[in-house]
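Right, one structure below, let's go through it.
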Amino acid sequence: MPGTFLGYPFDEEIFLMNWQAAQDPTRTAMIDSGAVQRNGEIARMIANGSNLYTIPFYNVIGGTADNYDGTTDMTVSDPTGSSQTGVVYGRMHAWRDKDFIRDFNSGANPMQQISAQVAKYWNKQRQNRLIGIMKGIFAITDDNSDYWDAWQNHKTSIVFTGSSGTAGEANMLSEASAAEAIQKAVGDNAGIFSLAIMHSKVALNLAKKQLLEFRKYTDAAGIQRAVNIADYNGMTVIVDDGVPVTTNAKDNTAKDYTTYLFGADAIQFAEAPVDTPVEVSRTVLTAGGYNVLATRLRETLHPNGFSYTLPTVSNGVCSSPSDVQLGTAAQWKVVVDPKLIPIAQIVSNG
């Protein structure tokens, strides 16, 4: 609501609408891509406060066709349904603007810099959280279900595993790597995939093989420049060094790079209302005086086709799972036929 701060008008609603991201070397392509889709129905379900929500759906109808021969009775099948459960988490953080910094450095305006970077800060948090969730769902342990067996086909690894030698060309993405991984994952339903998110090293190796073409734009001066968006195997490629990178277990000079393959709406996102999402305060007697900008949010990032179970905590109900808990494989379960899930990964050495 409108008010004042340091004698100036301050309206948190206008502030929220005008969060602007300053230059930051950390990209957040996974969050900004079409793989993450705002879901109005989920937003409606969590609008009145909740830590869990359930999305019901109908299963594909089935049944054995009867012989229409004039004497055989027709059998009847009932449609069945299921559901997937998502979780709402809450996060908060505040930043301090000290008076002494302003007075000691003439012209300094820490609060201006803080407010200019709030949006990017939260998007980086979301991307790290989403990567954790991806690690969790790809590590789900065997629950003796057909869905779990099928979900294993969404993981492809071509990293070096030999007892001698080093990682080479065979351990890197090739012309058909994505197409083969998608076919392995969903067979003839490959059309549900449209996006690949990969490390810049992987993208560079593909570009060297002329398998990746970066898109270009013409700036105001008429100069053509490349952007971090390209095309590979018929999919849009977004380059982001935030994807997981680890050292290869057998060749410590090589890195294992995770490339994510997504379809539109693979990740559902919705924001839950927060009574005071942003506010400012003034402290006078401590550290020479300072201003504080505080932010709070509640939201959900949910991989379509999975259900989340709240972890058990010592003090009762888990009202907001931590990032570690969101990325814990034991809390996730595949509840939709994986052939319908547009999420896959390829781990390669480049």
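Every chain in the structure tokens takes a letter, A first, then B, and so on in the order presented; its residues are numbered from 1, and the ligands are numbered from 1 following the presented order.
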
*Skip Arg129 of chain A itself and residues of its chain fewer than 3 positions away, then list as number ranges by chain all residues within 10 Å of it, counting only C-alpha atoms.*
A: 123-126, 132-135, 301, 322-324, 326-327

Expected file contents, prior selection, N, CA, C and O atoms, as a PDB file, in the first residue's frame:
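Listed below is the output, result.pdb:
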```pdb
ATOM      1  N   ASN A 123      15.419 -14.764  -9.441  1.00  0.00           N
ATOM      2  CA  ASN A 123      15.447 -15.699 -10.568  1.00  0.00           C
ATOM      3  C   ASN A 123      16.635 -16.647 -10.477  1.00  0.00           C
ATOM      4  O   ASN A 123      16.539 -17.822 -10.845  1.00  0.00           O
ATOM      5  N   LYS A 124      17.778 -16.153  -9.992  1.00  0.00           N
ATOM      6  CA  LYS A 124      18.916 -17.054  -9.793  1.00  0.00           C
ATOM      7  C   LYS A 124      18.591 -18.104  -8.731  1.00  0.00           C
ATOM      8  O   LYS A 124      18.966 -19.271  -8.859  1.00  0.00           O
ATOM      9  N   GLN A 125      17.886 -17.669  -7.687  1.00  0.00           N
ATOM     10  CA  GLN A 125      17.470 -18.615  -6.656  1.00  0.00           C
ATOM     11  C   GLN A 125      16.543 -19.678  -7.243  1.00  0.00           C
ATOM     12  O   GLN A 125      16.667 -20.870  -6.940  1.00  0.00           O
ATOM     13  N   ARG A 126      15.609 -19.245  -8.081  1.00  0.00           N
ATOM     14  CA  ARG A 126      14.670 -20.189  -8.698  1.00  0.00           C
ATOM     15  C   ARG A 126      15.404 -21.178  -9.593  1.00  0.00           C
ATOM     16  O   ARG A 126      15.089 -22.368  -9.616  1.00  0.00           O
ATOM     17  N   GLY A 132      18.106 -28.294  -8.640  1.00  0.00           N
ATOM     18  CA  GLY A 132      18.030 -29.248  -7.542  1.00  0.00           C
ATOM     19  C   GLY A 132      16.852 -30.200  -7.703  1.00  0.00           C
ATOM     20  O   GLY A 132      16.970 -31.407  -7.449  1.00  0.00           O
ATOM     21  N   ILE A 133      15.708 -29.672  -8.121  1.00  0.00           N
ATOM     22  CA  ILE A 133      14.524 -30.506  -8.346  1.00  0.00           C
ATOM     23  C   ILE A 133      14.791 -31.500  -9.471  1.00  0.00           C
ATOM     24  O   ILE A 133      14.412 -32.675  -9.390  1.00  0.00           O
ATOM     25  N   MET A 134      15.463 -31.036 -10.544  1.00  0.00           N
ATOM     26  CA  MET A 134      15.802 -31.938 -11.642  1.00  0.00           C
ATOM     27  C   MET A 134      16.695 -33.079 -11.163  1.00  0.00           C
ATOM     28  O   MET A 134      16.494 -34.245 -11.517  1.00  0.00           O
ATOM     29  N   LYS A 135      17.687 -32.760 -10.349  1.00  0.00           N
ATOM     30  CA  LYS A 135      18.558 -33.805  -9.800  1.00  0.00           C
ATOM     31  C   LYS A 135      17.736 -34.794  -8.983  1.00  0.00           C
ATOM     32  O   LYS A 135      17.978 -36.004  -9.020  1.00  0.00           O
ATOM     33  N   LEU A 301       7.411 -24.444  -7.946  1.00  0.00           N
ATOM     34  CA  LEU A 301       8.006 -24.908  -9.200  1.00  0.00           C
ATOM     35  C   LEU A 301       7.752 -26.411  -9.249  1.00  0.00           C
ATOM     36  O   LEU A 301       8.280 -27.153  -8.407  1.00  0.00           O
ATOM     37  N   SER A 322      12.874 -26.959   2.446  1.00  0.00           N
ATOM     38  CA  SER A 322      14.110 -26.281   2.061  1.00  0.00           C
ATOM     39  C   SER A 322      14.504 -26.701   0.649  1.00  0.00           C
ATOM     40  O   SER A 322      13.929 -27.639   0.081  1.00  0.00           O
ATOM     41  N   ASP A 323      15.498 -26.041   0.085  1.00  0.00           N
ATOM     42  CA  ASP A 323      15.974 -26.420  -1.246  1.00  0.00           C
ATOM     43  C   ASP A 323      16.523 -27.843  -1.236  1.00  0.00           C
ATOM     44  O   ASP A 323      16.353 -28.588  -2.207  1.00  0.00           O
ATOM     45  N   VAL A 324      17.192 -28.231  -0.153  1.00  0.00           N
ATOM     46  CA  VAL A 324      17.698 -29.603  -0.050  1.00  0.00           C
ATOM     47  C   VAL A 324      16.543 -30.591  -0.060  1.00  0.00           C
ATOM     48  O   VAL A 324      16.583 -31.627  -0.743  1.00  0.00           O
ATOM     49  N   LEU A 326      13.535 -30.093  -1.334  1.00  0.00           N
ATOM     50  CA  LEU A 326      12.911 -30.080  -2.665  1.00  0.00           C
ATOM     51  C   LEU A 326      13.699 -30.937  -3.648  1.00  0.00           C
ATOM     52  O   LEU A 326      13.138 -31.488  -4.591  1.00  0.00           O
ATOM     53  N   GLY A 327      15.010 -31.053  -3.443  1.00  0.00           N
ATOM     54  CA  GLY A 327      15.850 -31.831  -4.340  1.00  0.00           C
ATOM     55  C   GLY A 327      16.100 -33.244  -3.880  1.00  0.00           C
ATOM     56  O   GLY A 327      16.915 -33.955  -4.474  1.00  0.00           O
TER      57      GLY A 327
END
```

*Write out as a PyMOL selection string each polymer residue whose atoms come within 8 Å of segment 195-197 of chain A, counting only C-alpha atoms; drop sequence neighbours fewer than 2 positions from it.*
chain A and resi 29-30+35+193+199+235-240+243+259-264

*For each of A:Val88, A:Ala116, A:Val335, A:Ala65, take the minimum atom-to-atom distance to Pro273 of chain A, counting only C-alpha atoms, then give the residue where this is smallest.*
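So, comparing all the options, the nearest one is A:Val88.
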
*asked:* Just checking: using only C-alpha atoms, which residue out of A:Met198, A:Ala266, A:Leu52, A:Ala254 ends up closest to Phe160 of chain A?
replied: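 Using only C-alpha atoms, Phe160 of chain A sits closest to A:Ala254.
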
Could you give me, as a tab-separated table, a per-residue list for segment 253-348 of chain A showing, wherever an atom lies at most 12 Å from an atom of segment 89-93 of chain A, the closest pair of atoms and their distance in Å to one decimal, using only C-alpha atoms and sorting by chain then residue number from low to high?
```
residue	atom	partner	partner_atom	distance
A:Phe269	CA	A:Tyr89	CA	11.7
A:Ala270	CA	A:Tyr89	CA	10.9
A:Glu271	CA	A:Tyr89	CA	9.8
A:Ala272	CA	A:Gly90	CA	9.0
A:Pro273	CA	A:Gly90	CA	10.5
A:Val274	CA	A:Gly90	CA	9.3
A:Thr276	CA	A:Met92	CA	10.9
A:Pro277	CA	A:Met92	CA	8.8
A:Val278	CA	A:Met92	CA	9.5
A:Glu279	CA	A:His93	CA	11.1
A:Val292	CA	A:His93	CA	10.3
A:Leu293	CA	A:His93	CA	8.6
A:Ala294	CA	A:His93	CA	6.0
A:Thr295	CA	A:His93	CA	5.5
A:Arg296	CA	A:Met92	CA	4.2
A:Leu297	CA	A:Arg91	CA	5.5
A:Arg298	CA	A:Gly90	CA	4.1
A:Glu299	CA	A:Tyr89	CA	5.7
A:Thr300	CA	A:Tyr89	CA	6.3
A:Leu301	CA	A:Tyr89	CA	8.9
A:His302	CA	A:Tyr89	CA	11.0
A:Leu310	CA	A:Tyr89	CA	10.8
A:Cys318	CA	A:Tyr89	CA	9.7
A:Ser319	CA	A:Tyr89	CA	7.5
A:Ser320	CA	A:Tyr89	CA	4.5
A:Pro321	CA	A:Tyr89	CA	5.9
A:Ser322	CA	A:Tyr89	CA	7.6
A:Asp323	CA	A:Tyr89	CA	9.0
A:Val324	CA	A:Tyr89	CA	12.0
A:Gln325	CA	A:Tyr89	CA	10.5
A:Leu326	CA	A:Tyr89	CA	9.0
```

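Atom CA of Ser82 of chain A is positioned 12.5 Å from atom CA of Ile61 of chain A.
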